[in-house]
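For reference, entry.pdb is printed below; it contains PDB, C-alpha atoms, pLDDT in the B column.
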MODEL        1
ATOM      1  CA  VAL A  21     -19.203   6.416   4.843  1.00 94.00           C
ATOM      2  CA  GLN A  22     -17.193   7.065   7.974  1.00 96.00           C
ATOM      3  CA  LEU A  23     -13.664   5.745   7.932  1.00 97.00           C
ATOM      4  CA  GLU A  24     -11.690   4.816  11.012  1.00 96.00           C
ATOM      5  CA  GLU A  25      -8.033   3.838  10.875  1.00 96.00           C
ATOM      6  CA  SER A  26      -6.288   1.725  13.452  1.00 97.00           C
ATOM      7  CA  GLY A  27      -3.083  -0.203  13.853  1.00 98.00           C
ATOM      8  CA  GLY A  28      -0.505   2.553  13.960  1.00 97.00           C
ATOM      9  CA  GLY A  29       2.129   2.809  16.641  1.00 98.00           C
ATOM     10  CA  SER A  30       5.808   3.090  17.479  1.00 98.00           C
ATOM     11  CA  VAL A  31       8.034   0.267  16.308  1.00 98.00           C
ATOM     12  CA  ALA A  32      11.687  -0.481  15.684  1.00 98.00           C
ATOM     13  CA  THR A  33      13.337  -0.622  12.287  1.00 98.00           C
ATOM     14  CA  GLY A  34      12.548  -3.872  10.494  1.00 98.00           C
ATOM     15  CA  SER A  35       9.224  -4.366  12.252  1.00 98.00           C
ATOM     16  CA  SER A  36       5.829  -4.836  10.648  1.00 98.00           C
ATOM     17  CA  LEU A  37       2.501  -3.141  11.201  1.00 98.00           C
ATOM     18  CA  LYS A  38      -0.896  -3.790   9.715  1.00 98.00           C
ATOM     19  CA  LEU A  39      -3.152  -0.779   9.406  1.00 98.00           C
ATOM     20  CA  SER A  40      -6.897  -1.188   9.179  1.00 98.00           C
ATOM     21  CA  CYS A  41      -9.460   1.147   7.660  1.00 98.00           C
ATOM     22  CA  ALA A  42     -13.021   0.330   8.582  1.00 97.00           C
ATOM     23  CA  ASN A  43     -16.252   1.927   7.473  1.00 95.00           C
ATOM     24  CA  SER A  44     -18.153   2.281  10.704  1.00 92.00           C
ATOM     25  CA  ARG A  45     -21.370   2.960   8.777  1.00 93.00           C
ATOM     26  CA  GLY A  46     -21.407  -0.372   7.034  1.00 87.00           C
ATOM     27  CA  ALA A  47     -20.615  -1.559   3.554  1.00 84.00           C
ATOM     28  CA  PHE A  48     -18.415   0.411   1.210  1.00 82.00           C
ATOM     29  CA  ASP A  49     -17.975  -2.133  -1.509  1.00 80.00           C
ATOM     30  CA  GLY A  50     -18.924   0.524  -4.059  1.00 91.00           C
ATOM     31  CA  TYR A  51     -15.837   2.524  -3.177  1.00 96.00           C
ATOM     32  CA  ALA A  52     -12.211   2.362  -4.144  1.00 98.00           C
ATOM     33  CA  VAL A  53      -9.995   2.897  -1.121  1.00 98.00           C
ATOM     34  CA  GLY A  54      -6.604   4.472  -0.968  1.00 98.00           C
ATOM     35  CA  TRP A  55      -3.907   4.774   1.655  1.00 98.00           C
ATOM     36  CA  PHE A  56      -2.057   8.047   1.909  1.00 98.00           C
ATOM     37  CA  ARG A  57       0.769   9.210   4.100  1.00 98.00           C
ATOM     38  CA  GLN A  58       1.848  12.643   5.175  1.00 98.00           C
ATOM     39  CA  PHE A  59       5.285  13.672   6.391  1.00 97.00           C
ATOM     40  CA  PRO A  60       5.613  16.735   8.633  1.00 92.00           C
ATOM     41  CA  GLY A  61       5.374  19.875   6.566  1.00 95.00           C
ATOM     42  CA  LYS A  62       4.564  17.953   3.387  1.00 97.00           C
ATOM     43  CA  GLU A  63       1.420  17.284   1.400  1.00 97.00           C
ATOM     44  CA  ARG A  64      -0.449  14.052   1.701  1.00 97.00           C
ATOM     45  CA  GLU A  65       0.605  11.516  -0.954  1.00 97.00           C
ATOM     46  CA  ILE A  66      -1.160   8.410  -2.110  1.00 98.00           C
ATOM     47  CA  ILE A  67       0.852   5.244  -1.623  1.00 98.00           C
ATOM     48  CA  SER A  68      -1.555   2.450  -2.422  1.00 98.00           C
ATOM     49  CA  ALA A  69      -5.100   1.903  -3.629  1.00 98.00           C
ATOM     50  CA  ILE A  70      -7.487  -0.944  -4.229  1.00 98.00           C
ATOM     51  CA  SER A  71     -10.576  -1.143  -6.373  1.00 97.00           C
ATOM     52  CA  TYR A  72     -14.073  -1.539  -4.950  1.00 96.00           C
ATOM     53  CA  SER A  73     -13.999  -5.263  -5.769  1.00 95.00           C
ATOM     54  CA  GLY A  74     -10.440  -5.811  -4.608  1.00 95.00           C
ATOM     55  CA  ILE A  75      -9.508  -7.232  -7.999  1.00 96.00           C
ATOM     56  CA  THR A  76      -7.154  -4.454  -9.027  1.00 97.00           C
ATOM     57  CA  LEU A  77      -4.692  -2.633  -6.857  1.00 98.00           C
ATOM     58  CA  HIS A  78      -1.479  -0.673  -7.037  1.00 98.00           C
ATOM     59  CA  THR A  79       1.238   0.384  -4.646  1.00 98.00           C
ATOM     60  CA  ILE A  80       3.733   3.041  -5.609  1.00 98.00           C
ATOM     61  CA  GLU A  81       6.964   1.612  -6.918  1.00 97.00           C
ATOM     62  CA  SER A  82       9.161   2.754  -4.040  1.00 98.00           C
ATOM     63  CA  LEU A  83       7.056   0.734  -1.592  1.00 98.00           C
ATOM     64  CA  GLN A  84       6.440  -2.366  -3.653  1.00 98.00           C
ATOM     65  CA  GLY A  85       7.740  -5.458  -1.973  1.00 98.00           C
ATOM     66  CA  ARG A  86       7.207  -3.993   1.507  1.00 98.00           C
ATOM     67  CA  PHE A  87       3.640  -2.577   1.575  1.00 98.00           C
ATOM     68  CA  TYR A  88       0.585  -4.597   0.583  1.00 98.00           C
ATOM     69  CA  ILE A  89      -3.023  -3.449   0.353  1.00 98.00           C
ATOM     70  CA  SER A  90      -5.997  -5.750   0.666  1.00 98.00           C
ATOM     71  CA  ARG A  91      -9.662  -5.556   1.527  1.00 97.00           C
ATOM     72  CA  ASP A  92     -12.345  -7.715   3.065  1.00 95.00           C
ATOM     73  CA  ASN A  93     -15.703  -6.352   1.984  1.00 93.00           C
ATOM     74  CA  ALA A  94     -17.488  -8.793   4.299  1.00 93.00           C
ATOM     75  CA  LYS A  95     -15.804  -6.959   7.170  1.00 94.00           C
ATOM     76  CA  ASN A  96     -16.071  -3.502   5.570  1.00 95.00           C
ATOM     77  CA  THR A  97     -12.330  -3.137   6.059  1.00 96.00           C
ATOM     78  CA  VAL A  98      -9.272  -2.333   3.978  1.00 97.00           C
ATOM     79  CA  TYR A  99      -5.794  -3.170   5.223  1.00 98.00           C
ATOM     80  CA  LEU A 100      -2.259  -1.971   4.631  1.00 98.00           C
ATOM     81  CA  GLN A 101       0.386  -4.494   5.606  1.00 98.00           C
ATOM     82  CA  MET A 102       3.707  -2.739   6.106  1.00 98.00           C
ATOM     83  CA  ASN A 103       6.829  -4.873   6.401  1.00 98.00           C
ATOM     84  CA  ASN A 104      10.480  -4.121   7.049  1.00 98.00           C
ATOM     85  CA  LEU A 105       9.624  -0.651   8.270  1.00 98.00           C
ATOM     86  CA  LYS A 106      12.251   2.073   8.116  1.00 98.00           C
ATOM     87  CA  PRO A 107      12.594   5.415   9.906  1.00 98.00           C
ATOM     88  CA  ALA A 108      11.747   7.077   6.565  1.00 97.00           C
ATOM     89  CA  ASP A 109       8.273   5.495   6.824  1.00 98.00           C
ATOM     90  CA  THR A 110       7.501   7.621   9.881  1.00 98.00           C
ATOM     91  CA  ALA A 111       4.386   9.604   8.973  1.00 98.00           C
ATOM     92  CA  VAL A 112       0.681   9.942   9.574  1.00 98.00           C
ATOM     93  CA  TYR A 113      -1.209   7.409   7.500  1.00 98.00           C
ATOM     94  CA  TYR A 114      -4.709   8.088   6.216  1.00 98.00           C
ATOM     95  CA  CYS A 115      -7.222   6.022   4.346  1.00 98.00           C
ATOM     96  CA  ALA A 116      -9.714   7.551   1.953  1.00 98.00           C
ATOM     97  CA  ALA A 117     -12.626   6.388  -0.162  1.00 98.00           C
ATOM     98  CA  GLU A 118     -13.790   7.350  -3.613  1.00 97.00           C
ATOM     99  CA  ALA A 119     -17.043   6.269  -5.253  1.00 96.00           C
ATOM    100  CA  TYR A 120     -15.228   4.789  -8.232  1.00 96.00           C
ATOM    101  CA  LYS A 121     -15.815   1.431  -9.859  1.00 95.00           C
ATOM    102  CA  GLY A 122     -13.053   1.497 -12.428  1.00 96.00           C
ATOM    103  CA  PRO A 123      -9.723  -0.314 -12.214  1.00 97.00           C
ATOM    104  CA  ILE A 124      -6.831   0.817 -10.073  1.00 98.00           C
ATOM    105  CA  THR A 125      -3.738   1.082 -12.241  1.00 97.00           C
ATOM    106  CA  PRO A 126      -0.444   2.988 -12.068  1.00 96.00           C
ATOM    107  CA  THR A 127      -2.243   5.719 -14.023  1.00 96.00           C
ATOM    108  CA  THR A 128      -5.624   5.858 -12.310  1.00 97.00           C
ATOM    109  CA  ILE A 129      -4.078   5.936  -8.838  1.00 97.00           C
ATOM    110  CA  LYS A 130      -2.649   9.363  -9.659  1.00 96.00           C
ATOM    111  CA  PHE A 131      -6.190  10.703 -10.059  1.00 97.00           C
ATOM    112  CA  PHE A 132      -7.642   9.211  -6.906  1.00 98.00           C
ATOM    113  CA  ASN A 133     -10.293  11.689  -5.799  1.00 97.00           C
ATOM    114  CA  ALA A 134     -11.027  11.097  -2.148  1.00 97.00           C
ATOM    115  CA  ALA A 135     -14.547  11.877  -1.000  1.00 97.00           C
ATOM    116  CA  TYR A 136     -14.137  10.582   2.537  1.00 97.00           C
ATOM    117  CA  TRP A 137     -11.140  10.542   4.867  1.00 98.00           C
ATOM    118  CA  GLY A 138     -10.236   8.804   8.053  1.00 97.00           C
ATOM    119  CA  GLN A 139      -8.734  10.679  10.970  1.00 97.00           C
ATOM    120  CA  GLY A 140      -5.221   9.356  10.414  1.00 97.00           C
ATOM    121  CA  THR A 141      -2.980   7.099  12.432  1.00 98.00           C
ATOM    122  CA  GLN A 142       0.611   7.837  13.423  1.00 98.00           C
ATOM    123  CA  VAL A 143       3.356   5.416  12.492  1.00 98.00           C
ATOM    124  CA  THR A 144       6.749   6.032  14.072  1.00 98.00           C
ATOM    125  CA  VAL A 145       9.743   3.892  13.235  1.00 98.00           C
ATOM    126  CA  SER A 146      12.819   4.246  15.409  1.00 98.00           C
ATOM    127  CA  SER A 147      16.319   3.400  14.321  1.00 94.00           C
TER     128      SER A 147
ENDMDL
END
Translate this structure into C-alpha cells?
Amino acid sequence: VQLEESGGGSVATGSSLKLSCANSRGAFDGYAVGWFRQFPGKEREIISAISYSGITLHTIESLQGRFYISRDNAKNTVYLQMNNLKPADTAVYYCAAEAYKGPITPTTIKFFNAAYWGQGTQVTVSS
C-alpha cells in the first residue's frame, strides 16, 4: 500500500474541497481508511473513517453535516468531501489505511490503528 493524497489547496470561507486518497500500488479493498487532520503544534486526530467495503463509516460529530467520506474500490480511491469550509478547518490532512475488516462505528473509529500513511495535503481556508 502506498497512499497519495490530493485535492488540498487555499480557498475562501464557505468553499468546498474534495480530497482524494489513492493507493498507487493497486487495490486496498481489504483496508479500512481514515482521514486525519493535524493543526500546527497539535497531534494528528482522526476525523472520519470508512470500512473496507464502504458499507460502514463515521465522521466525528463536530464535522457531521459538512464532511463526507466515501470510497470507490474500483478506482482504489477514498474521498473526503468538505463543504462550507471555515478558517478553523485549516490544517494538514492525511489519509491512512488499516488492515481491518470490521465495522466503522463511533467506538471503533477511536481505535483506528494506521499501518500506512499518505504524505499529507495542506488545506488553508481564508476568512
Selection dump of the PyMOL selection byres ((chain A and resi 130-141) around 7), as an NGL selection string: :A and (21 or 23-26 or 28 or 112-118 or 127-129 or 142-143)
Residues matched by the PyMOL selection byres ((chain A and resi 60-76) around 10) as JSON, numbers by chain: {"A": [48, 49, 50, 51, 52, 53, 54, 55, 56, 57, 58, 59, 77, 78, 79, 80, 81, 82, 83, 84, 87, 88, 89, 90, 91, 92, 93, 98, 99, 100, 110, 111, 112, 113, 114, 115, 116, 117, 118, 119, 120, 121, 122, 123, 124, 125, 126, 128, 129, 130, 131, 132]}
Length of the CA of Ala47 (chain A) to CA of Gly27 (chain A) vector [Å]: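 So the two atoms, CA of Ala47 (chain A) and CA of Gly27 (chain A), lie 20.4 Å apart.
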From A:Arg45, A:Lys95, A:Arg86, A:Lys106, residue lying nearest Ala32 (chain A) [all atoms listed in the file]: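 Checking each candidate against Ala32 (chain A), we get A:Lys106 as the closest.
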Straight-line distance linking CA of Thr144 (chain A) with CA of Ala42 (chain A), stated in Å to one decimal: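 Distance reported for this atom pair: 21.3 Å.
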One-decimal distance in Å that lies between CA of Thr33 (chain A) and CA of Asp109 (chain A):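 Atom-to-atom, CA of Asp109 (chain A) to CA of Thr33 (chain A), that is 9.6 Å.
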Selection dump of the PyMOL selection byres ((chain A and resi 104) around 6), as a ChimeraX atom specification: /A:34-36,103,105
Kindly save the residues from that selection, with C-alpha atoms included, as a short mmCIF file (atom, residue, chain, number, x, y, z; two decimals), in the coordinates of the input.
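Wrote it out as result11.cif, contents follow:
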data_model
loop_
_atom_site.label_atom_id
_atom_site.label_comp_id
_atom_site.auth_asym_id
_atom_site.auth_seq_id
_atom_site.Cartn_x
_atom_site.Cartn_y
_atom_site.Cartn_z
CA GLY A 34 12.55 -3.87 10.49
CA SER A 35 9.22 -4.37 12.25
CA SER A 36 5.83 -4.84 10.65
CA ASN A 103 6.83 -4.87 6.40
CA LEU A 105 9.62 -0.65 8.27
#
